[in-house]
file model12.txt (compact mmCIF, C-alpha atoms and all ligand atoms)
# COMPACT_ATOMS: atom_id res chain seq x y z
CA MET A 1 -76.76 149.74 33.89
CA ILE A 2 -80.10 149.49 35.73
CA PHE A 3 -81.98 146.22 35.26
CA ASP A 4 -85.57 145.42 36.19
CA ARG A 5 -84.52 142.31 38.08
CA VAL A 6 -81.40 140.29 38.83
CA TRP A 7 -81.04 136.70 40.07
CA VAL A 8 -77.90 135.89 42.08
CA ASP A 9 -76.58 133.18 44.40
CA ALA A 10 -77.30 130.71 41.59
CA HIS A 11 -75.55 128.45 39.11
CA LEU A 12 -76.52 128.80 35.47
CA CYS A 13 -77.05 126.03 32.96
CA THR A 14 -77.26 128.35 29.96
CA MET A 15 -77.64 125.67 27.26
CA VAL A 16 -75.30 127.78 25.12
CA PRO A 17 -72.48 125.30 24.37
CA ARG A 18 -69.01 126.64 25.15
CA GLY A 19 -65.85 124.74 24.22
CA ASP A 20 -66.20 121.21 25.55
CA ASP A 21 -69.12 122.14 27.83
CA PRO A 22 -72.39 121.47 25.97
CA LEU A 23 -74.42 122.81 28.92
CA GLY A 24 -72.69 126.20 29.02
CA VAL A 25 -72.42 126.11 32.81
CA ILE A 26 -71.62 129.28 34.78
CA GLU A 27 -71.13 128.54 38.47
CA ASP A 28 -71.93 131.39 40.85
CA GLY A 29 -73.55 133.26 38.02
CA ALA A 30 -76.01 136.11 37.70
CA ILE A 31 -78.76 136.78 35.22
CA ALA A 32 -80.41 140.14 34.65
CA ALA A 33 -83.73 141.01 32.99
CA LYS A 34 -85.00 144.17 31.34
CA ASP A 35 -88.41 144.54 29.67
CA GLY A 36 -89.09 140.81 29.84
CA ARG A 37 -85.87 139.83 28.09
CA ILE A 38 -82.54 138.60 29.33
CA ALA A 39 -80.27 141.64 29.39
CA TRP A 40 -77.11 140.08 30.79
CA VAL A 41 -75.78 136.62 31.78
CA GLY A 42 -72.40 135.84 33.34
CA PRO A 43 -70.34 135.32 36.47
CA ARG A 44 -71.81 137.25 39.40
CA ALA A 45 -68.52 139.07 40.02
CA GLU A 46 -68.81 140.68 36.57
CA LEU A 47 -72.45 141.85 36.86
CA PRO A 48 -72.33 145.30 35.23
CA GLY A 49 -75.06 147.13 37.13
CA THR A 50 -77.82 147.06 39.69
CA ALA A 51 -81.48 146.18 39.61
CA ALA A 52 -84.74 147.37 41.08
CA VAL A 53 -85.28 143.84 42.42
CA THR A 54 -82.59 141.34 43.40
CA THR A 55 -83.58 137.72 43.98
CA ARG A 56 -81.28 135.40 45.94
CA CYS A 57 -81.64 131.80 44.80
CA ASP A 58 -79.97 129.86 47.66
CA GLY A 59 -77.57 128.12 45.30
CA ALA A 60 -80.28 126.86 42.95
CA TRP A 61 -79.53 125.97 39.35
CA ILE A 62 -81.25 128.14 36.73
CA LEU A 63 -82.15 126.73 33.33
CA PRO A 64 -84.10 128.21 30.44
CA GLY A 65 -87.83 127.66 31.09
CA LEU A 66 -88.65 124.15 29.90
CA ILE A 67 -90.53 123.66 26.62
CA ASP A 68 -92.92 120.74 26.03
CA CYS A 69 -93.02 120.77 22.24
CA HIS A 70 -95.57 117.95 21.65
CA THR A 71 -98.79 117.59 23.65
CA HIS A 72 -102.42 116.66 23.09
CA ILE A 73 -103.37 118.18 26.44
CA VAL A 74 -106.91 119.24 25.40
CA PHE A 75 -109.33 116.29 25.26
CA GLY A 76 -112.62 115.02 26.68
CA ALA A 77 -112.80 112.30 29.38
CA ASN A 78 -109.84 109.88 29.75
CA ARG A 79 -109.14 106.24 28.95
CA ALA A 80 -108.47 104.77 32.40
CA ARG A 81 -111.35 102.27 31.96
CA GLU A 82 -109.82 101.03 28.71
CA PHE A 83 -106.43 100.69 30.45
CA GLU A 84 -108.12 98.68 33.18
CA MET A 85 -109.94 96.39 30.72
CA ARG A 86 -106.77 95.67 28.80
CA LEU A 87 -104.98 94.65 32.00
CA GLU A 88 -107.88 92.34 32.80
CA GLY A 89 -107.25 90.59 29.49
CA ALA A 90 -109.88 92.21 27.23
CA SER A 91 -109.11 91.99 23.51
CA TYR A 92 -108.81 95.07 21.31
CA GLU A 93 -112.08 93.98 19.72
CA ALA A 94 -113.86 93.86 23.07
CA ILE A 95 -112.44 97.28 23.95
CA ALA A 96 -113.58 98.70 20.61
CA LYS A 97 -117.05 97.17 21.19
CA ALA A 98 -117.19 98.81 24.60
CA GLY A 99 -116.52 102.11 22.84
CA GLY A 100 -112.78 102.35 23.59
CA GLY A 101 -109.86 103.54 21.49
CA ILE A 102 -109.20 106.97 20.00
CA LEU A 103 -112.81 107.25 18.81
CA SER A 104 -113.99 107.21 22.43
CA THR A 105 -111.86 110.32 22.98
CA VAL A 106 -113.31 111.83 19.80
CA ARG A 107 -116.83 111.20 21.10
CA ALA A 108 -116.08 112.71 24.51
CA THR A 109 -114.31 115.70 22.97
CA ARG A 110 -117.16 116.42 20.56
CA ALA A 111 -119.57 116.31 23.51
CA ALA A 112 -117.54 118.78 25.60
CA ASP A 113 -117.99 122.54 25.28
CA GLU A 114 -115.04 124.93 25.26
CA ASP A 115 -115.27 125.71 28.99
CA ALA A 116 -115.23 122.00 29.84
CA LEU A 117 -112.20 121.39 27.62
CA VAL A 118 -110.31 124.25 29.30
CA ALA A 119 -111.34 123.13 32.80
CA SER A 120 -110.21 119.54 32.29
CA ALA A 121 -106.89 120.57 30.71
CA LEU A 122 -105.89 123.06 33.43
CA PRO A 123 -104.90 120.54 36.14
CA ARG A 124 -102.77 118.70 33.58
CA LEU A 125 -101.18 121.98 32.51
CA ASP A 126 -100.54 122.89 36.16
CA ALA A 127 -98.63 119.63 36.65
CA LEU A 128 -96.29 120.61 33.80
CA LEU A 129 -95.90 124.20 34.98
CA ALA A 130 -94.97 123.01 38.49
CA GLU A 131 -91.82 121.51 36.95
CA GLY A 132 -90.72 124.78 35.38
CA VAL A 133 -92.36 124.45 31.96
CA THR A 134 -92.94 127.89 30.42
CA THR A 135 -93.92 127.00 26.83
CA ILE A 136 -96.12 124.18 25.54
CA GLU A 137 -97.42 123.11 22.18
CA VAL A 138 -101.02 121.87 22.03
CA LYS A 139 -102.48 119.86 19.16
CA SER A 140 -106.08 119.40 18.12
CA GLY A 141 -107.01 116.06 16.58
CA TYR A 142 -109.87 114.65 18.67
CA GLY A 143 -112.54 116.63 16.88
CA LEU A 144 -112.03 115.40 13.33
CA ASP A 145 -114.66 117.88 12.17
CA LEU A 146 -114.23 121.61 11.69
CA ALA A 147 -116.38 122.72 14.62
CA THR A 148 -114.65 120.53 17.20
CA GLU A 149 -111.12 121.02 15.85
CA ALA A 150 -111.69 124.79 16.06
CA ARG A 151 -113.13 124.46 19.57
CA MET A 152 -110.09 122.45 20.73
CA LEU A 153 -107.73 125.09 19.34
CA ARG A 154 -109.71 127.92 20.97
CA ALA A 155 -109.55 126.02 24.27
CA ALA A 156 -105.78 125.63 23.78
CA ARG A 157 -105.37 129.36 23.19
CA ARG A 158 -107.36 130.04 26.37
CA LEU A 159 -104.90 127.94 28.40
CA GLY A 160 -102.31 130.57 27.54
CA THR A 161 -104.40 133.34 29.09
CA ALA A 162 -105.59 131.29 32.08
CA ARG A 163 -101.98 130.62 33.10
CA ASP A 164 -98.58 132.30 32.75
CA VAL A 165 -97.35 130.13 29.87
CA THR A 166 -96.82 130.47 26.14
CA VAL A 167 -99.10 128.13 24.17
CA THR A 168 -98.50 127.36 20.52
CA THR A 169 -101.28 125.54 18.68
CA THR A 170 -101.13 122.89 15.98
CA CYS A 171 -104.01 121.66 13.83
CA LEU A 172 -103.87 117.86 13.76
CA ALA A 173 -107.18 117.23 11.98
CA ALA A 174 -105.39 114.46 10.03
CA HIS A 175 -105.00 112.37 13.19
CA ALA A 176 -107.51 109.58 12.52
CA THR A 177 -110.52 108.87 10.32
CA PRO A 178 -113.79 109.85 12.04
CA PRO A 179 -116.64 107.29 12.24
CA GLU A 180 -118.76 109.14 9.67
CA PHE A 181 -115.95 108.57 7.14
CA ALA A 182 -115.42 104.87 8.00
CA GLY A 183 -114.02 103.13 4.93
CA ARG A 184 -113.48 106.51 3.20
CA ARG A 185 -110.18 107.63 4.68
CA ALA A 186 -108.98 109.41 1.53
CA ASP A 187 -112.23 111.39 1.33
CA PHE A 188 -111.62 112.62 4.87
CA ALA A 189 -108.03 113.59 4.04
CA ARG A 190 -109.48 115.73 1.22
CA VAL A 191 -111.87 117.40 3.66
CA VAL A 192 -108.96 118.18 5.99
CA ALA A 193 -106.93 119.69 3.15
CA ASP A 194 -109.73 121.50 1.31
CA ASP A 195 -112.05 122.61 4.14
CA ILE A 196 -110.69 122.25 7.67
CA ILE A 197 -107.17 123.69 7.29
CA PRO A 198 -108.23 126.74 5.24
CA ALA A 199 -110.97 127.56 7.77
CA ILE A 200 -108.70 127.07 10.80
CA ALA A 201 -106.03 129.21 9.16
CA ALA A 202 -108.51 131.96 8.24
CA GLU A 203 -109.50 132.22 11.89
CA GLY A 204 -105.84 132.30 13.00
CA LEU A 205 -106.35 129.35 15.33
CA ALA A 206 -103.25 127.35 14.45
CA ASP A 207 -99.53 128.13 14.40
CA ALA A 208 -98.70 124.90 12.57
CA VAL A 209 -100.23 121.84 10.91
CA ASP A 210 -99.50 118.22 11.88
CA ALA A 211 -100.55 114.85 10.47
CA PHE A 212 -100.22 111.21 11.44
CA THR A 213 -98.63 109.20 8.66
CA ASP A 214 -99.03 105.45 9.09
CA SER A 215 -99.93 103.23 6.17
CA ALA A 216 -101.85 100.78 8.41
CA ILE A 217 -103.73 102.85 11.00
CA ALA A 218 -103.63 106.50 9.91
CA PHE A 219 -102.91 108.37 6.64
CA THR A 220 -100.75 107.34 3.70
CA PRO A 221 -97.78 109.47 2.66
CA GLU A 222 -99.79 110.64 -0.38
CA GLU A 223 -102.74 111.78 1.77
CA THR A 224 -100.29 113.47 4.12
CA GLU A 225 -98.95 115.45 1.16
CA TRP A 226 -102.45 116.80 0.43
CA VAL A 227 -102.54 118.07 4.02
CA PHE A 228 -99.03 119.54 3.77
CA GLU A 229 -99.90 121.28 0.50
CA ALA A 230 -102.92 122.83 2.21
CA ALA A 231 -100.69 124.03 5.05
CA ARG A 232 -98.30 125.53 2.52
CA ARG A 233 -101.17 127.39 0.81
CA ALA A 234 -102.23 128.68 4.24
CA GLY A 235 -98.68 129.79 5.06
CA LEU A 236 -98.38 127.43 8.04
CA PRO A 237 -95.30 125.33 8.91
CA VAL A 238 -95.76 121.57 9.26
CA LYS A 239 -94.87 118.81 11.70
CA LEU A 240 -95.39 115.06 11.37
CA HIS A 241 -96.17 112.00 13.49
CA ALA A 242 -93.76 109.83 11.54
CA ASP A 243 -92.48 106.26 11.47
CA GLN A 244 -93.80 105.41 14.95
CA LEU A 245 -94.84 101.81 14.27
CA ARG A 246 -93.20 101.08 10.90
CA ASP A 247 -91.01 102.87 8.36
CA ASP A 248 -93.38 104.67 6.00
CA GLY A 249 -90.75 107.11 4.81
CA GLY A 250 -92.27 109.70 7.13
CA ALA A 251 -88.95 111.25 8.17
CA ALA A 252 -87.95 111.89 4.55
CA LEU A 253 -91.43 113.19 3.74
CA ALA A 254 -91.24 115.65 6.63
CA ALA A 255 -87.80 116.78 5.48
CA ARG A 256 -89.05 117.27 1.91
CA TYR A 257 -91.60 119.78 3.21
CA GLY A 258 -89.10 121.51 5.48
CA ALA A 259 -91.08 120.38 8.53
CA LEU A 260 -90.24 121.94 11.87
CA SER A 261 -90.15 118.44 13.34
CA ALA A 262 -90.77 114.76 12.73
CA ASP A 263 -92.01 113.13 15.90
CA HIS A 264 -91.75 109.57 17.33
CA ILE A 265 -89.46 108.28 14.48
CA GLU A 266 -88.70 104.96 16.21
CA TYR A 267 -88.63 103.23 12.81
CA ALA A 268 -87.20 106.08 10.70
CA SER A 269 -84.38 104.97 8.39
CA ALA A 270 -80.87 106.40 8.56
CA GLU A 271 -81.55 108.03 5.16
CA GLY A 272 -84.69 109.70 6.48
CA ILE A 273 -82.81 110.91 9.55
CA ALA A 274 -80.02 112.33 7.39
CA ALA A 275 -82.62 114.14 5.25
CA MET A 276 -84.09 115.65 8.41
CA ALA A 277 -80.69 116.99 9.44
CA LYS A 278 -80.22 118.61 6.01
CA ALA A 279 -83.67 120.22 6.14
CA GLY A 280 -83.26 121.41 9.73
CA THR A 281 -86.16 119.20 10.83
CA VAL A 282 -85.93 118.41 14.54
CA GLY A 283 -86.44 114.81 15.68
CA VAL A 284 -88.88 114.83 18.61
CA LEU A 285 -88.60 111.70 20.74
CA LEU A 286 -91.57 110.71 22.89
CA PRO A 287 -90.41 108.22 25.52
CA GLY A 288 -93.75 108.32 27.38
CA ALA A 289 -95.53 106.72 24.40
CA PHE A 290 -92.60 104.34 23.85
CA TYR A 291 -93.06 103.20 27.46
CA PHE A 292 -96.85 103.13 27.63
CA ILE A 293 -97.37 101.03 24.50
CA ARG A 294 -94.35 98.92 25.49
CA GLU A 295 -92.55 99.59 22.22
CA GLN A 296 -89.29 97.71 21.82
CA HIS A 297 -87.86 99.25 18.64
CA LEU A 298 -85.46 102.06 19.53
CA PRO A 299 -85.10 105.21 17.45
CA ASP A 300 -81.76 105.28 15.66
CA ILE A 301 -79.93 107.69 17.96
CA ALA A 302 -76.55 106.80 16.44
CA ALA A 303 -77.81 107.87 13.01
CA MET A 304 -79.18 111.10 14.51
CA ARG A 305 -75.82 111.87 16.12
CA ALA A 306 -73.90 111.00 12.96
CA ALA A 307 -76.13 113.19 10.77
CA GLY A 308 -76.36 116.02 13.30
CA THR A 309 -80.15 115.79 13.58
CA ARG A 310 -81.30 117.91 16.48
CA ILE A 311 -83.15 115.88 19.13
CA ALA A 312 -86.02 117.12 21.28
CA LEU A 313 -87.97 115.34 24.03
CA ALA A 314 -91.65 115.85 24.85
CA THR A 315 -94.44 114.29 26.88
CA ASP A 316 -96.85 113.52 23.99
CA LEU A 317 -99.40 114.04 26.79
CA ASN A 318 -102.53 112.26 25.50
CA PRO A 319 -105.21 109.96 26.91
CA GLY A 320 -104.49 106.92 24.73
CA SER A 321 -100.77 106.26 24.48
CA SER A 322 -98.99 108.68 26.84
CA PRO A 323 -100.90 109.95 29.88
CA ALA A 324 -97.66 111.63 30.98
CA LEU A 325 -97.84 114.72 33.15
CA SER A 326 -94.10 115.13 33.77
CA LEU A 327 -91.52 116.51 31.38
CA LEU A 328 -88.82 115.77 34.00
CA LEU A 329 -89.81 112.10 33.82
CA MET A 330 -89.31 112.28 30.04
CA LEU A 331 -85.74 113.44 30.71
CA ASN A 332 -85.12 110.30 32.73
CA MET A 333 -86.84 108.06 30.19
CA GLY A 334 -84.95 109.68 27.30
CA CYS A 335 -81.70 108.84 29.08
CA THR A 336 -82.66 105.32 30.22
CA PHE A 337 -84.54 104.09 27.13
CA PHE A 338 -82.66 105.95 24.40
CA ARG A 339 -79.30 106.42 26.16
CA LEU A 340 -79.31 110.15 25.51
CA THR A 341 -76.59 112.03 27.37
CA VAL A 342 -77.63 114.53 30.01
CA ALA A 343 -76.65 117.36 27.65
CA GLU A 344 -78.72 115.88 24.81
CA ALA A 345 -81.75 115.35 27.06
CA LEU A 346 -81.61 118.89 28.49
CA ALA A 347 -81.16 120.42 25.01
CA GLY A 348 -84.23 118.35 24.08
CA VAL A 349 -86.50 120.25 26.46
CA THR A 350 -84.93 123.68 25.89
CA ARG A 351 -82.95 124.74 22.81
CA HIS A 352 -84.05 121.98 20.46
CA ALA A 353 -87.64 122.00 21.72
CA ALA A 354 -87.77 125.70 20.78
CA ALA A 355 -86.48 124.81 17.31
CA ALA A 356 -89.17 122.13 17.00
CA LEU A 357 -91.71 124.95 17.42
CA GLY A 358 -89.92 127.35 15.09
CA MET A 359 -89.13 129.66 18.03
CA THR A 360 -85.87 131.59 18.02
CA ASP A 361 -86.59 133.81 21.04
CA ARG A 362 -86.17 131.20 23.80
CA GLY A 363 -84.58 127.92 24.82
CA ALA A 364 -81.29 129.25 26.22
CA LEU A 365 -79.96 131.78 28.70
CA ALA A 366 -78.53 134.44 26.42
CA PRO A 367 -78.94 138.21 26.06
CA GLY A 368 -81.91 139.19 23.92
CA LEU A 369 -83.91 136.02 24.55
CA ARG A 370 -87.11 135.96 26.59
CA CYS A 371 -86.42 135.80 30.30
CA ASP A 372 -88.23 132.48 30.88
CA LEU A 373 -86.47 130.57 33.66
CA GLY A 374 -86.77 127.41 35.71
CA LEU A 375 -85.04 127.28 39.12
CA TYR A 376 -84.09 123.92 40.61
CA ALA A 377 -82.73 122.83 43.99
CA VAL A 378 -80.22 120.31 42.65
CA SER A 379 -76.48 119.79 43.08
CA ARG A 380 -75.86 119.62 39.32
CA PRO A 381 -78.02 119.63 36.16
CA ALA A 382 -77.72 115.83 35.78
CA GLU A 383 -80.04 115.48 38.78
CA LEU A 384 -82.90 116.68 36.59
CA CYS A 385 -82.43 113.55 34.46
CA TYR A 386 -81.53 111.23 37.32
CA TRP A 387 -84.46 111.19 39.74
CA ILE A 388 -87.62 109.26 38.92
CA GLY A 389 -90.60 111.16 40.25
CA ARG A 390 -88.94 114.01 42.12
CA ASN A 391 -89.75 117.60 41.30
CA PRO A 392 -86.94 119.90 42.50
CA CYS A 393 -88.38 123.00 40.83
CA VAL A 394 -88.28 125.89 43.30
CA GLY A 395 -89.09 128.78 41.00
CA ARG A 396 -90.44 129.70 37.62
CA VAL A 397 -90.03 133.01 35.81
CA VAL A 398 -92.01 134.03 32.73
CA ALA A 399 -90.93 137.06 30.71
CA GLY A 400 -88.84 138.36 33.61
CA ARG A 401 -91.64 138.10 36.19
ZN ZN B 1 -98.67 112.90 19.40
call {"tool": "encode", "arguments": {"input": "model12.txt", "output": "structure tokens"}}
result
Amino acid sequence: MIFDRVWVDAHLCTMVPRGDDPLGVIEDGAIAAKDGRIAWVGPRAELPGTAAVTTRCDGAWILPGLIDCHTHIVFGANRAREFEMRLEGASYEAIAKAGGGILSTVRATRAADEDALVASALPRLDALLAEGVTTIEVKSGYGLDLATEARMLRAARRLGTARDVTVTTTCLAAHATPPEFAGRRADFARVVADDIIPAIAAEGLADAVDAFTDSAIAFTPEETEWVFEAARRAGLPVKLHADQLRDDGGAALAARYGALSADHIEYASAEGIAAMAKAGTVGVLLPGAFYFIREQHLPDIAAMRAAGTRIALATDLNPGSSPALSLLLMLNMGCTFFRLTVAEALAGVTRHAAAALGMTDRGALAPGLRCDLGLYAVSRPAELCYWIGRNPCVGRVVAGR
């Protein structure tokens, strides 16, 4: 067999569980690509052919390209001033008066044109790519009107042409209530369902629809259902910011709509988590936000394990609650805060992150899947979860190149 390219002198962390090895490790392995896909994976001694190009990896570990399945990477300005004020003792009221909070990001995003949104997101994207990320999800949600939501999603799509990375886009118009709808939250939810989602879908700008369910600071479960019904009419899968600050039944709601994922879920009940497992809804944990807002309430990992709910980990990269530019740091935080095992954490940024995006063509090293790889100079995969602030990525391959 003649391959386009072969990688040797490497250890493989295939993320295809085998027997009692959840990482599917192949020491001294080889991986071969043909037409952008993985054509063969196994022990080097059994490699069944030659390749036009052979790459020696100096004993590096190869993983599937990492997937950040929850980001808000496109936004105007940042909130460092608000962070500073809070540390100096300013009240939430004073910060709001000074123009802080999510609405300050909405203002800055509305004021930015598409080029500016792309330009400000690229350095953040580059930080993720430097760690071996090959797929990211990008949400809108700082426009809160059709024109700006569409502009954010167009900017997100452009990130995928400006860099070698797959970008999937999610319309999160139901993120917060914009100032022009102050006191009329339900009216805005209707606008999202009746106007914004149909228009975004007609233009093909979104691969999924998300909403923020929170009975105190975002949308009620009933309003969320209007948004989910609109997504269903548009033929788009749904995701949900669920049960982050209190149990609103968000996990069960997401499951009822067959959501790809329910995200945050610190306060989700065991029943909600079991419903997610039954529906195939992935639980996306966001330890960067957990850390940054100094949350204390842990997600119920034991219930997730007992029910068999798949767990993913993501940066939640956003200017307000998780200015996190490192998916590797999320691995460490997932293990330290949530006590995930190394195998659970690594599945969370590969196999299960792919599932959280509805993708079946990536997330593991197996024949037929896209040849997206991350190469790491580590002694064993656990090192990826162990270091705080070290980036051992020494190579990144996208679609076999
Ligand atoms: Zn989020």
call {"tool": "residues_near_ligand", "arguments": {"input": "model12.txt", "ligand": "ligand ZN 1 (chain B)", "cutoff": "8 Å", "atoms": "only C-alpha atoms and all ligand atoms", "output": "PyMOL selection string"}}
result
chain A and resi 70-72+139+241+263-264+316-318
call {"tool": "closest_residue", "arguments": {"input": "model12.txt", "among": "A:Gly320, A:Gly65, A:Pro198, A:Gly249", "to": "Arg233 of chain A", "atoms": "all atoms listed in the file"}}
result
A:Pro198
call {"tool": "residues_around", "arguments": {"input": "model12.txt", "residues": "Ala307 of chain A", "least_positions_apart": "3", "cutoff": "8 Å", "atoms": "all atoms listed in the file", "output": "list of chain:residue names"}}
result
A:Ile273, A:Ala274, A:Ala277, A:Ala303, A:Met304
call {"tool": "residues_around", "arguments": {"input": "model12.txt", "residues": "Met276 of chain A", "least_positions_apart": "4", "cutoff": "9 Å", "atoms": "all atoms listed in the file", "output": "mmCIF file with C-alpha atoms, in the coordinates of the input"}}
result
data_model
loop_
_atom_site.group_PDB
_atom_site.id
_atom_site.type_symbol
_atom_site.label_atom_id
_atom_site.label_comp_id
_atom_site.auth_asym_id
_atom_site.auth_seq_id
_atom_site.Cartn_x
_atom_site.Cartn_y
_atom_site.Cartn_z
ATOM 1 C CA ALA A 251 -88.950 111.250 8.170
ATOM 2 C CA ALA A 252 -87.950 111.890 4.550
ATOM 3 C CA ALA A 254 -91.240 115.650 6.630
ATOM 4 C CA ALA A 255 -87.800 116.780 5.480
ATOM 5 C CA ARG A 256 -89.050 117.270 1.910
ATOM 6 C CA GLY A 258 -89.100 121.510 5.480
ATOM 7 C CA ALA A 259 -91.080 120.380 8.530
ATOM 8 C CA SER A 261 -90.150 118.440 13.340
ATOM 9 C CA ALA A 262 -90.770 114.760 12.730
ATOM 10 C CA GLU A 271 -81.550 108.030 5.160
ATOM 11 C CA GLY A 272 -84.690 109.700 6.480
ATOM 12 C CA GLY A 280 -83.260 121.410 9.730
ATOM 13 C CA THR A 281 -86.160 119.200 10.830
ATOM 14 C CA VAL A 282 -85.930 118.410 14.540
ATOM 15 C CA GLY A 283 -86.440 114.810 15.680
ATOM 16 C CA ALA A 307 -76.130 113.190 10.770
ATOM 17 C CA THR A 309 -80.150 115.790 13.580
ATOM 18 C CA ARG A 310 -81.300 117.910 16.480
#
call {"tool": "closest_residue", "arguments": {"input": "model12.txt", "among": "A:Ala202, A:Leu325, A:Leu240, A:Val165", "to": "Leu260 of chain A", "atoms": "only C-alpha atoms"}}
result
A:Leu240
call {"tool": "closest_residue", "arguments": {"input": "model12.txt", "among": "A:Glu82, A:Ala10, A:Thr170, A:Arg390", "to": "Gly100 of chain A", "atoms": "all atoms listed in the file"}}
result
A:Glu82
call {"tool": "closest_residue", "arguments": {"input": "model12.txt", "among": "A:Thr177, A:Thr55, A:Thr50, A:Thr315", "to": "Leu375 of chain A", "atoms": "all atoms listed in the file"}}
result
A:Thr55
call {"tool": "residues_around", "arguments": {"input": "model12.txt", "residues": "Leu236 of chain A", "least_positions_apart": "5", "cutoff": "8 Å", "atoms": "all atoms listed in the file", "output": "VMD selection string"}}
result
chain A and resid 201 207 to 209 231
call {"tool": "closest_residue", "arguments": {"input": "model12.txt", "among": "A:Leu159, A:Ala268, A:Leu128, A:Val394", "to": "Ile67 of chain A", "atoms": "only C-alpha atoms"}}
result
A:Leu128
call {"tool": "residues_around", "arguments": {"input": "model12.txt", "residues": "Ile102 of chain A", "least_positions_apart": "6", "cutoff": "10 Å", "atoms": "all atoms listed in the file", "output": "ChimeraX atom specification"}}
result
/A:79,96,141-142,175-178,319-321
call {"tool": "atom_distance", "arguments": {"input": "model12.txt", "atom1": "atom CA of Glu27 of chain A", "atom2": "atom CA of Leu365 of chain A"}}
result
13.6 Å
call {"tool": "atom_distance", "arguments": {"input": "model12.txt", "atom1": "atom CA of Arg370 of chain A", "atom2": "atom CA of Trp387 of chain A"}}
result
28.2 Å
call {"tool": "closest_residue", "arguments": {"input": "model12.txt", "among": "A:Val192, A:Leu373, A:Val378, A:Met359", "to": "Ala32 of chain A", "atoms": "all atoms listed in the file"}}
result
A:Leu373
call {"tool": "atom_distance", "arguments": {"input": "model12.txt", "atom1": "atom CA of Asp194 of chain A", "atom2": "atom CA of Ala211 of chain A"}}
result
14.6 Å
